[in-house]
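Structure file data-v8.cif; described as mmCIF, C-alpha atoms; chains and numbers go by the auth columns.
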data_target
loop_
_atom_site.group_PDB
_atom_site.id
_atom_site.type_symbol
_atom_site.label_atom_id
_atom_site.label_comp_id
_atom_site.label_asym_id
_atom_site.label_seq_id
_atom_site.Cartn_x
_atom_site.Cartn_y
_atom_site.Cartn_z
_atom_site.B_iso_or_equiv
_atom_site.auth_seq_id
_atom_site.auth_asym_id
ATOM 1 C CA MET A 1 61.510 82.431 24.081 0.00 1 A
ATOM 2 C CA LYS A 2 62.874 85.493 22.342 0.00 2 A
ATOM 3 C CA LEU A 3 61.478 87.742 25.059 0.00 3 A
ATOM 4 C CA LYS A 4 63.091 85.659 27.807 0.00 4 A
ATOM 5 C CA PHE A 5 66.421 85.906 26.007 0.00 5 A
ATOM 6 C CA THR A 6 66.010 89.652 25.651 0.00 6 A
ATOM 7 C CA ALA A 7 65.324 90.053 29.389 0.00 7 A
ATOM 8 C CA SER A 8 68.372 88.001 30.307 0.00 8 A
ATOM 9 C CA ALA A 9 70.497 89.940 27.845 0.00 9 A
ATOM 10 C CA MET A 10 69.353 93.256 29.317 0.00 10 A
ATOM 11 C CA ILE A 11 70.230 92.175 32.834 0.00 11 A
ATOM 12 C CA ALA A 12 73.566 90.698 31.774 0.00 12 A
ATOM 13 C CA ALA A 13 74.441 93.880 29.911 0.00 13 A
ATOM 14 C CA ALA A 14 73.582 95.999 32.945 0.00 14 A
ATOM 15 C CA LEU A 15 75.677 93.813 35.212 0.00 15 A
ATOM 16 C CA THR A 16 78.619 93.946 32.812 0.00 16 A
ATOM 17 C CA LEU A 17 78.473 97.692 32.264 0.00 17 A
ATOM 18 C CA THR A 18 78.261 98.521 35.973 0.00 18 A
ATOM 19 C CA ALA A 19 80.846 96.009 37.285 0.00 19 A
ATOM 20 C CA CYS A 20 83.057 98.427 39.179 0.00 20 A
ATOM 21 C CA ALA A 21 84.773 96.391 41.877 0.00 21 A
ATOM 22 C CA THR A 22 86.694 93.174 42.443 0.00 22 A
ATOM 23 C CA SER A 23 86.127 90.728 45.285 0.00 23 A
ATOM 24 C CA PRO A 24 89.018 89.384 47.443 0.00 24 A
ATOM 25 C CA THR A 25 89.077 86.264 45.238 0.00 25 A
ATOM 26 C CA GLY A 26 89.297 88.299 42.009 0.00 26 A
ATOM 27 C CA ARG A 27 85.647 88.121 40.948 0.00 27 A
ATOM 28 C CA ASN A 28 84.004 91.131 39.262 0.00 28 A
ATOM 29 C CA GLN A 29 81.287 92.752 41.372 0.00 29 A
ATOM 30 C CA VAL A 30 78.461 95.241 40.971 0.00 30 A
ATOM 31 C CA LEU A 31 78.446 97.610 43.965 0.00 31 A
ATOM 32 C CA LEU A 32 75.972 100.488 43.774 0.00 32 A
ATOM 33 C CA PHE A 33 75.901 101.511 47.435 0.00 33 A
ATOM 34 C CA SER A 34 78.514 103.362 49.499 0.00 34 A
ATOM 35 C CA GLU A 35 80.282 101.942 52.552 0.00 35 A
ATOM 36 C CA SER A 36 78.609 104.531 54.777 0.00 36 A
ATOM 37 C CA GLN A 37 75.168 103.510 53.498 0.00 37 A
ATOM 38 C CA LEU A 38 75.880 99.851 54.235 0.00 38 A
ATOM 39 C CA ALA A 39 77.267 100.642 57.689 0.00 39 A
ATOM 40 C CA GLN A 40 74.157 102.673 58.523 0.00 40 A
ATOM 41 C CA MET A 41 71.897 99.843 57.355 0.00 41 A
ATOM 42 C CA GLY A 42 73.910 97.345 59.402 0.00 42 A
ATOM 43 C CA ASP A 43 73.684 99.495 62.514 0.00 43 A
ATOM 44 C CA GLN A 44 69.931 99.951 62.150 0.00 44 A
ATOM 45 C CA ALA A 45 69.353 96.235 61.571 0.00 45 A
ATOM 46 C CA PHE A 46 71.500 95.262 64.554 0.00 46 A
ATOM 47 C CA THR A 47 69.767 97.749 66.843 0.00 47 A
ATOM 48 C CA GLY A 48 66.406 96.315 65.813 0.00 48 A
ATOM 49 C CA MET A 49 67.525 92.754 66.508 0.00 49 A
ATOM 50 C CA LYS A 50 68.797 93.684 69.970 0.00 50 A
ATOM 51 C CA GLU A 51 65.393 95.160 70.754 0.00 51 A
ATOM 52 C CA GLU A 52 63.432 92.184 69.430 0.00 52 A
ATOM 53 C CA LEU A 53 65.517 89.163 70.449 0.00 53 A
ATOM 54 C CA LYS A 54 66.572 87.966 73.872 0.00 54 A
ATOM 55 C CA ILE A 55 70.264 88.552 74.568 0.00 55 A
ATOM 56 C CA SER A 56 72.198 85.912 76.499 0.00 56 A
ATOM 57 C CA ASN A 57 73.051 86.878 80.068 0.00 57 A
ATOM 58 C CA LYS A 58 75.538 84.052 80.579 0.00 58 A
ATOM 59 C CA SER A 59 78.880 85.780 81.112 0.00 59 A
ATOM 60 C CA VAL A 60 81.001 82.680 80.435 0.00 60 A
ATOM 61 C CA GLN A 61 79.197 82.017 77.175 0.00 61 A
ATOM 62 C CA ASN A 62 79.473 85.649 76.091 0.00 62 A
ATOM 63 C CA SER A 63 83.168 85.811 76.940 0.00 63 A
ATOM 64 C CA TYR A 64 83.830 82.645 74.944 0.00 64 A
ATOM 65 C CA VAL A 65 82.127 83.968 71.815 0.00 65 A
ATOM 66 C CA GLU A 66 83.780 87.379 72.173 0.00 66 A
ATOM 67 C CA CYS A 67 87.193 85.747 72.540 0.00 67 A
ATOM 68 C CA VAL A 68 86.788 83.887 69.236 0.00 68 A
ATOM 69 C CA ALA A 69 85.248 86.864 67.452 0.00 69 A
ATOM 70 C CA ASN A 70 87.960 89.260 68.648 0.00 70 A
ATOM 71 C CA ALA A 71 90.692 86.964 67.361 0.00 71 A
ATOM 72 C CA ILE A 72 88.993 86.770 63.952 0.00 72 A
ATOM 73 C CA THR A 73 88.252 90.478 63.597 0.00 73 A
ATOM 74 C CA ALA A 74 91.854 91.354 64.469 0.00 74 A
ATOM 75 C CA GLN A 75 92.683 90.016 60.997 0.00 75 A
ATOM 76 C CA VAL A 76 90.128 92.193 59.186 0.00 76 A
ATOM 77 C CA PRO A 77 91.719 94.939 57.052 0.00 77 A
ATOM 78 C CA ALA A 78 91.244 98.450 58.388 0.00 78 A
ATOM 79 C CA SER A 79 89.811 99.396 54.997 0.00 79 A
ATOM 80 C CA VAL A 80 86.827 97.138 55.763 0.00 80 A
ATOM 81 C CA PHE A 81 86.217 98.355 59.319 0.00 81 A
ATOM 82 C CA ASN A 82 88.570 100.307 61.546 0.00 82 A
ATOM 83 C CA GLY A 83 86.765 100.269 64.858 0.00 83 A
ATOM 84 C CA GLN A 84 85.685 98.046 67.735 0.00 84 A
ATOM 85 C CA TRP A 85 83.418 95.223 66.588 0.00 85 A
ATOM 86 C CA GLU A 86 80.236 94.748 68.600 0.00 86 A
ATOM 87 C CA VAL A 87 79.563 91.093 69.424 0.00 87 A
ATOM 88 C CA VAL A 88 76.200 89.944 70.791 0.00 88 A
ATOM 89 C CA VAL A 89 75.061 86.427 71.715 0.00 89 A
ATOM 90 C CA PHE A 90 71.339 85.951 71.150 0.00 90 A
ATOM 91 C CA ASP A 91 69.545 83.418 73.351 0.00 91 A
ATOM 92 C CA ASP A 92 67.885 81.531 70.513 0.00 92 A
ATOM 93 C CA GLU A 93 68.008 77.916 69.329 0.00 93 A
ATOM 94 C CA GLN A 94 68.762 78.860 65.730 0.00 94 A
ATOM 95 C CA VAL A 95 71.958 77.220 64.492 0.00 95 A
ATOM 96 C CA ASN A 96 73.244 80.402 62.948 0.00 96 A
ATOM 97 C CA ALA A 97 75.405 83.514 63.162 0.00 97 A
ATOM 98 C CA PHE A 98 75.836 86.653 61.097 0.00 98 A
ATOM 99 C CA ALA A 99 78.047 89.680 60.575 0.00 99 A
ATOM 100 C CA LEU A 100 76.927 93.074 59.306 0.00 100 A
ATOM 101 C CA PRO A 101 78.716 96.047 57.744 0.00 101 A
ATOM 102 C CA GLY A 102 79.756 98.556 60.359 0.00 102 A
ATOM 103 C CA GLY A 103 81.367 96.004 62.675 0.00 103 A
ATOM 104 C CA LYS A 104 78.444 93.956 64.018 0.00 104 A
ATOM 105 C CA ILE A 105 78.484 90.228 64.846 0.00 105 A
ATOM 106 C CA GLY A 106 75.593 88.152 66.155 0.00 106 A
ATOM 107 C CA VAL A 107 75.781 84.532 67.307 0.00 107 A
ATOM 108 C CA TYR A 108 72.762 82.419 68.250 0.00 108 A
ATOM 109 C CA THR A 109 73.171 80.071 71.209 0.00 109 A
ATOM 110 C CA GLY A 110 71.886 77.175 69.098 0.00 110 A
ATOM 111 C CA LEU A 111 75.106 77.316 67.076 0.00 111 A
ATOM 112 C CA LEU A 112 77.136 76.532 70.189 0.00 112 A
ATOM 113 C CA ASN A 113 75.523 73.081 70.308 0.00 113 A
ATOM 114 C CA VAL A 114 76.816 72.270 66.824 0.00 114 A
ATOM 115 C CA ALA A 115 80.160 74.087 66.766 0.00 115 A
ATOM 116 C CA GLU A 116 81.877 71.806 69.248 0.00 116 A
ATOM 117 C CA ASN A 117 84.996 73.865 69.972 0.00 117 A
ATOM 118 C CA GLN A 118 86.626 77.242 69.443 0.00 118 A
ATOM 119 C CA HIS A 119 87.997 76.229 66.051 0.00 119 A
ATOM 120 C CA GLN A 120 84.593 75.303 64.681 0.00 120 A
ATOM 121 C CA LEU A 121 83.032 78.467 66.059 0.00 121 A
ATOM 122 C CA ALA A 122 85.865 80.408 64.420 0.00 122 A
ATOM 123 C CA ALA A 123 84.999 78.759 61.100 0.00 123 A
ATOM 124 C CA VAL A 124 81.452 80.111 61.321 0.00 124 A
ATOM 125 C CA ILE A 125 82.399 83.597 62.508 0.00 125 A
ATOM 126 C CA GLY A 126 85.181 83.766 59.934 0.00 126 A
ATOM 127 C CA HIS A 127 82.698 82.802 57.222 0.00 127 A
ATOM 128 C CA GLU A 128 80.229 85.496 58.298 0.00 128 A
ATOM 129 C CA VAL A 129 82.921 88.162 58.512 0.00 129 A
ATOM 130 C CA GLY A 130 84.039 86.982 55.076 0.00 130 A
ATOM 131 C CA HIS A 131 80.683 88.128 53.699 0.00 131 A
ATOM 132 C CA VAL A 132 81.382 91.615 55.063 0.00 132 A
ATOM 133 C CA ILE A 133 84.928 91.729 53.693 0.00 133 A
ATOM 134 C CA ALA A 134 83.706 90.690 50.239 0.00 134 A
ATOM 135 C CA GLU A 135 80.795 93.188 50.405 0.00 135 A
ATOM 136 C CA HIS A 136 78.264 90.511 49.558 0.00 136 A
ATOM 137 C CA GLY A 137 75.402 92.492 51.105 0.00 137 A
ATOM 138 C CA ASN A 138 76.152 95.425 48.837 0.00 138 A
ATOM 139 C CA GLU A 139 76.442 93.119 45.839 0.00 139 A
ATOM 140 C CA ARG A 140 73.115 91.398 46.526 0.00 140 A
ATOM 141 C CA MET A 141 71.247 94.654 46.954 0.00 141 A
ATOM 142 C CA SER A 142 72.864 96.052 43.813 0.00 142 A
ATOM 143 C CA GLN A 143 71.992 92.919 41.871 0.00 143 A
ATOM 144 C CA SER A 144 68.379 93.039 43.046 0.00 144 A
ATOM 145 C CA THR A 145 68.137 96.695 42.045 0.00 145 A
ATOM 146 C CA LEU A 146 69.329 95.956 38.503 0.00 146 A
ATOM 147 C CA ILE A 147 67.112 92.886 38.139 0.00 147 A
ATOM 148 C CA ASN A 148 64.059 94.847 39.256 0.00 148 A
ATOM 149 C CA MET A 149 64.891 97.520 36.702 0.00 149 A
ATOM 150 C CA GLY A 150 65.208 94.901 33.974 0.00 150 A
ATOM 151 C CA SER A 151 61.982 93.124 34.923 0.00 151 A
ATOM 152 C CA GLN A 152 60.040 96.391 34.957 0.00 152 A
ATOM 153 C CA ALA A 153 61.389 97.252 31.516 0.00 153 A
ATOM 154 C CA VAL A 154 60.315 93.879 30.105 0.00 154 A
ATOM 155 C CA GLY A 155 56.865 94.267 31.651 0.00 155 A
ATOM 156 C CA GLN A 156 56.457 97.645 30.009 0.00 156 A
ATOM 157 C CA VAL A 157 57.465 96.205 26.618 0.00 157 A
ATOM 158 C CA LEU A 158 54.962 93.352 26.953 0.00 158 A
ATOM 159 C CA ALA A 159 52.171 95.729 27.943 0.00 159 A
ATOM 160 C CA ALA A 160 52.947 98.243 25.198 0.00 160 A
ATOM 161 C CA ASN A 161 52.852 95.532 22.540 0.00 161 A
ATOM 162 C CA GLU A 162 49.767 93.869 24.045 0.00 162 A
ATOM 163 C CA VAL A 163 51.501 90.496 24.211 0.00 163 A
ATOM 164 C CA PRO A 164 48.973 87.743 25.092 0.00 164 A
ATOM 165 C CA GLN A 165 49.461 86.005 28.455 0.00 165 A
ATOM 166 C CA SER A 166 52.059 88.544 29.575 0.00 166 A
ATOM 167 C CA GLY A 167 51.472 87.552 33.221 0.00 167 A
ATOM 168 C CA PRO A 168 52.684 83.940 32.811 0.00 168 A
ATOM 169 C CA ILE A 169 55.593 85.150 30.677 0.00 169 A
ATOM 170 C CA MET A 170 56.709 87.558 33.405 0.00 170 A
ATOM 171 C CA ALA A 171 56.369 84.785 35.993 0.00 171 A
ATOM 172 C CA ALA A 172 58.545 82.521 33.848 0.00 172 A
ATOM 173 C CA ILE A 173 61.143 85.258 33.439 0.00 173 A
ATOM 174 C CA GLY A 174 61.131 85.775 37.213 0.00 174 A
ATOM 175 C CA LEU A 175 61.749 82.090 37.858 0.00 175 A
ATOM 176 C CA GLY A 176 64.462 82.032 35.223 0.00 176 A
ATOM 177 C CA VAL A 177 66.204 84.989 36.822 0.00 177 A
ATOM 178 C CA GLN A 178 65.972 83.446 40.272 0.00 178 A
ATOM 179 C CA VAL A 179 67.367 80.050 39.261 0.00 179 A
ATOM 180 C CA GLY A 180 69.763 81.352 36.634 0.00 180 A
ATOM 181 C CA VAL A 181 71.155 84.455 38.336 0.00 181 A
ATOM 182 C CA GLN A 182 70.170 85.045 41.952 0.00 182 A
ATOM 183 C CA LEU A 183 70.637 81.557 43.395 0.00 183 A
ATOM 184 C CA PRO A 184 73.990 80.900 41.683 0.00 184 A
ATOM 185 C CA PHE A 185 75.166 84.308 42.904 0.00 185 A
ATOM 186 C CA SER A 186 74.175 83.354 46.448 0.00 186 A
ATOM 187 C CA ARG A 187 76.003 80.030 46.193 0.00 187 A
ATOM 188 C CA THR A 188 79.036 81.888 44.844 0.00 188 A
ATOM 189 C CA HIS A 189 78.898 84.228 47.827 0.00 189 A
ATOM 190 C CA GLU A 190 78.731 81.316 50.256 0.00 190 A
ATOM 191 C CA SER A 191 81.672 79.522 48.655 0.00 191 A
ATOM 192 C CA GLU A 192 83.685 82.739 48.551 0.00 192 A
ATOM 193 C CA ALA A 193 82.925 83.450 52.221 0.00 193 A
ATOM 194 C CA ASP A 194 84.023 79.902 53.074 0.00 194 A
ATOM 195 C CA VAL A 195 87.432 80.536 51.504 0.00 195 A
ATOM 196 C CA ILE A 196 87.862 83.968 53.119 0.00 196 A
ATOM 197 C CA GLY A 197 86.717 82.571 56.458 0.00 197 A
ATOM 198 C CA LEU A 198 89.178 79.696 56.178 0.00 198 A
ATOM 199 C CA GLN A 199 91.995 82.198 55.678 0.00 199 A
ATOM 200 C CA LEU A 200 90.814 84.356 58.577 0.00 200 A
ATOM 201 C CA MET A 201 90.574 81.516 61.074 0.00 201 A
ATOM 202 C CA ALA A 202 93.960 80.116 60.070 0.00 202 A
ATOM 203 C CA LYS A 203 95.732 83.473 60.359 0.00 203 A
ATOM 204 C CA SER A 204 93.979 83.984 63.714 0.00 204 A
ATOM 205 C CA GLY A 205 95.535 80.772 65.057 0.00 205 A
ATOM 206 C CA PHE A 206 92.504 78.473 64.789 0.00 206 A
ATOM 207 C CA ASP A 207 92.936 75.051 63.180 0.00 207 A
ATOM 208 C CA PRO A 208 91.390 75.313 59.675 0.00 208 A
ATOM 209 C CA ARG A 209 90.950 71.542 59.462 0.00 209 A
ATOM 210 C CA GLN A 210 88.129 71.878 61.986 0.00 210 A
ATOM 211 C CA SER A 211 86.059 73.704 59.349 0.00 211 A
ATOM 212 C CA VAL A 212 85.473 70.347 57.682 0.00 212 A
ATOM 213 C CA ASN A 213 84.290 68.853 60.971 0.00 213 A
ATOM 214 C CA LEU A 214 81.965 71.805 61.424 0.00 214 A
ATOM 215 C CA TRP A 215 80.170 71.236 58.126 0.00 215 A
ATOM 216 C CA GLN A 216 79.922 67.538 58.849 0.00 216 A
ATOM 217 C CA ASN A 217 78.198 68.496 62.107 0.00 217 A
ATOM 218 C CA MET A 218 75.963 70.949 60.236 0.00 218 A
ATOM 219 C CA ASP A 219 74.974 68.231 57.786 0.00 219 A
ATOM 220 C CA ALA A 220 74.101 65.863 60.623 0.00 220 A
ATOM 221 C CA ALA A 221 72.128 68.568 62.446 0.00 221 A
ATOM 222 C CA SER A 222 69.990 69.260 59.362 0.00 222 A
ATOM 223 C CA ASN A 223 68.656 65.664 59.372 0.00 223 A
ATOM 224 C CA GLY A 224 68.673 65.739 55.588 0.00 224 A
ATOM 225 C CA ASN A 225 66.103 68.577 55.411 0.00 225 A
ATOM 226 C CA ARG A 226 67.793 70.527 52.611 0.00 226 A
ATOM 227 C CA PRO A 227 66.557 71.566 49.158 0.00 227 A
ATOM 228 C CA MET A 228 68.440 70.290 46.129 0.00 228 A
ATOM 229 C CA GLU A 229 71.599 72.308 45.516 0.00 229 A
ATOM 230 C CA LEU A 230 70.363 73.775 42.213 0.00 230 A
ATOM 231 C CA LEU A 231 67.471 75.486 44.040 0.00 231 A
ATOM 232 C CA SER A 232 69.338 76.412 47.193 0.00 232 A
ATOM 233 C CA THR A 233 71.108 79.614 48.113 0.00 233 A
ATOM 234 C CA HIS A 234 73.741 77.540 49.903 0.00 234 A
ATOM 235 C CA PRO A 235 76.019 74.842 48.472 0.00 235 A
ATOM 236 C CA ALA A 236 75.447 71.297 49.675 0.00 236 A
ATOM 237 C CA PRO A 237 77.617 70.390 52.697 0.00 237 A
ATOM 238 C CA GLN A 238 79.807 68.044 50.656 0.00 238 A
ATOM 239 C CA THR A 239 80.357 70.768 48.058 0.00 239 A
ATOM 240 C CA ARG A 240 81.463 73.108 50.823 0.00 240 A
ATOM 241 C CA ILE A 241 83.748 70.464 52.288 0.00 241 A
ATOM 242 C CA ASP A 242 85.349 69.808 48.890 0.00 242 A
ATOM 243 C CA ASN A 243 85.908 73.565 48.456 0.00 243 A
ATOM 244 C CA LEU A 244 87.459 73.877 51.916 0.00 244 A
ATOM 245 C CA GLN A 245 89.745 70.899 51.375 0.00 245 A
ATOM 246 C CA ALA A 246 90.904 72.311 48.033 0.00 246 A
ATOM 247 C CA ASN A 247 92.005 75.475 49.853 0.00 247 A
ATOM 248 C CA MET A 248 93.314 73.709 52.949 0.00 248 A
ATOM 249 C CA PRO A 249 97.068 73.500 52.116 0.00 249 A
ATOM 250 C CA LYS A 250 97.443 77.301 52.009 0.00 250 A
ATOM 251 C CA ALA A 251 95.247 77.761 55.078 0.00 251 A
ATOM 252 C CA TYR A 252 97.144 75.162 57.092 0.00 252 A
ATOM 253 C CA ALA A 253 100.434 76.844 56.210 0.00 253 A
ATOM 254 C CA ASP A 254 98.989 80.137 57.496 0.00 254 A
ATOM 255 C CA TYR A 255 97.875 78.363 60.679 0.00 255 A
ATOM 256 C CA GLN A 256 101.344 76.948 61.283 0.00 256 A
ATOM 257 C CA ALA A 257 102.840 80.400 60.746 0.00 257 A
ATOM 258 C CA ALA A 258 100.376 82.166 63.063 0.00 258 A
ATOM 259 C CA ALA A 259 102.148 83.991 65.883 0.00 259 A
ATOM 260 C CA TYR A 260 99.269 83.565 68.346 0.00 260 A
ATOM 261 C CA ARG A 261 97.048 80.601 69.263 0.00 261 A
ATOM 262 C CA PRO A 262 93.823 81.680 71.038 0.00 262 A
ATOM 263 C CA ASN A 263 92.637 79.782 74.077 0.00 263 A
ATOM 264 C CA CYS A 264 88.941 80.612 74.213 0.00 264 A
ATOM 265 C CA ARG A 265 86.838 78.722 76.742 0.00 265 A
#
Mind turning the file's structure into structure tokens?
Amino acid sequence: MKLKFTASAMIAAALTLTACATSPTGRNQVLLFSESQLAQMGDQAFTGMKEELKISNKSVQNSYVECVANAITAQVPASVFNGQWEVVVFDDEQVNAFALPGGKIGVYTGLLNVAENQHQLAAVIGHEVGHVIAEHGNERMSQSTLINMGSQAVGQVLAANEVPQSGPIMAAIGLGVQVGVQLPFSRTHESEADVIGLQLMAKSGFDPRQSVNLWQNMDAASNGNRPMELLSTHPAPQTRIDNLQANMPKAYADYQAAAYRPNCR
């Protein structure tokens, strides 16, 4: 038990000492990689996906997704990305989308069966772009780097002191880190991206109230096949809905004040 505490303390100390940034919601972050490194990684990953996955050739579908994405990305600060975003629709039944550093957005055609209108699609794209704005990819890689360093250090201590059953102890520490640090961080990222995405879609002229309908649709589409929230990297749909509704008054005011209302079809 003492060893597990020591490992956790080492990791916590490392995270505290290297916290050098603040997220858009005011949360301390550990960011060890440069923007140029992340943009290069995003570009390489996106190029690989375009080579491996089938790209939709339906012009109407592509124009619709690009219309929504362009409205959202127009609200992204130039400090995050100051260029033309590349938007690609992948012909795949996954109900998913993503955004990468360096101005890349991918949308799977399966999502268009669940996001019933432009507002709901904007909620998803806004959420994914929110991850980029908050530098969640950088934070996750930085966190993993520090955790790996801490785990290796603990393993060396166990081996040097010839601690019996060091293998099971390391496995227990790994599980503890995953449940106690990595998964909560992922859920925090998802909730934070929901809030940023809500703001983006509202300022872009999309009705933020439709974000609630989207997650209700997502919940129905999952057919209840979700792990318990404690062991999931994503909050439960109702948790997300509660978070969105708590932030809805400000978002709806931004929506009413928006100078432009997209008409993407």
Give me, please, the distance in Å between atom CA of Val76 of chain A and atom CA of Gly48 of chain A, quoted to one decimal.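 One can read the atom CA of Val76 of chain A to atom CA of Gly48 of chain A distance as 25.0 Å.
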Report as a PyMOL selection string the full result of the PyMOL selection byres ((chain A and resi 190) around 10) when it is applied to this structure. chain A and resi 127-128+130-131+136+184-189+191-196+233-235+240
With the PyMOL selection byres ((chain A and resi 51-62) around 10) as the selection, what would be picked from this file? Answer as a ChimeraX atom specification, please. /A:46-50,63-67,87-92,106-109,112,265
Considering all atoms listed in the file, can you say which of A:Ala259, A:Ala123, A:Ala246, A:Ile241 comes closest to Gln210 of chain A?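 With all atoms listed in the file as the atom set, the closest residue is A:Ala123.
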The PyMOL selection byres ((chain A and resi 41) around 12) applied to the shown file, residues as a ChimeraX atom specification: /A:33-40,42-48,100-104,137-138,141
Selection near segment 22-26 of chain A, 6 Å with all atoms listed in the file, sequence-local residues under 2 positions removed, as a VMD selection string: chain A and resid 28 to 29 134
Quick one: of A:Glu93, A:Glu116, A:Asp219, A:Glu135, who's nearest to Ser79 of chain A, counting all atoms listed in the file?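 Among the listed residues, A:Glu135 lies closest to Ser79 of chain A.
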Tell me, in Å to one decimal, how far atom CA of Asn263 of chain A is from atom CA of Val68 of chain A.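 The value is 8.6 Å.
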Any idea what's packed within 10 Å of Ala74 of chain A, counting all atoms listed in the file, ignoring anything in its chain fewer than 6 positions away? Could you give it as a list in words? Asn82, Gln84, Trp85, Leu200, Lys203 and Ser204 of chain A
If you measure from atom CA of Val30 of chain A to atom CA of Val129 of chain A, what distance in Å do you get, rounded to one decimal?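 So the two atoms, atom CA of Val30 of chain A and atom CA of Val129 of chain A, lie 19.4 Å apart.
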With distances taken over all atoms listed in the file, which of A:Asn225, A:Thr145, A:Asn96, A:Gln118 is nearest to Pro208 of chain A?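 Comparing A:Asn225, A:Thr145, A:Asn96, A:Gln118 against Pro208 of chain A, the winner is A:Gln118.
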Please list as a PyMOL selection string every residue within 10 Å of Gln75 of chain A, counting all atoms listed in the file and excluding residues in the same chain fewer than 3 positions away. chain A and resi 70-72+78+126+199-201+203-204
Could you write those residues out with C-alpha atoms, as a PDB file, keeping the file's coordinate frame?
ATOM      1  CA  ASN A  70      87.960  89.260  68.648  1.00  0.00           C
ATOM      2  CA  ALA A  71      90.692  86.964  67.361  1.00  0.00           C
ATOM      3  CA  ILE A  72      88.993  86.770  63.952  1.00  0.00           C
ATOM      4  CA  ALA A  78      91.244  98.450  58.388  1.00  0.00           C
ATOM      5  CA  GLY A 126      85.181  83.766  59.934  1.00  0.00           C
ATOM      6  CA  GLN A 199      91.995  82.198  55.678  1.00  0.00           C
ATOM      7  CA  LEU A 200      90.814  84.356  58.577  1.00  0.00           C
ATOM      8  CA  MET A 201      90.574  81.516  61.074  1.00  0.00           C
ATOM      9  CA  LYS A 203      95.732  83.473  60.359  1.00  0.00           C
ATOM     10  CA  SER A 204      93.979  83.984  63.714  1.00  0.00           C
TER      11      SER A 204
END
Minimum-distance residue to Leu214 of chain A, chosen among A:Leu111, A:Val95, A:Gln120, A:Leu244 (using only C-alpha atoms):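 Once distances to Leu214 of chain A are computed over only C-alpha atoms, the minimum belongs to A:Gln120.
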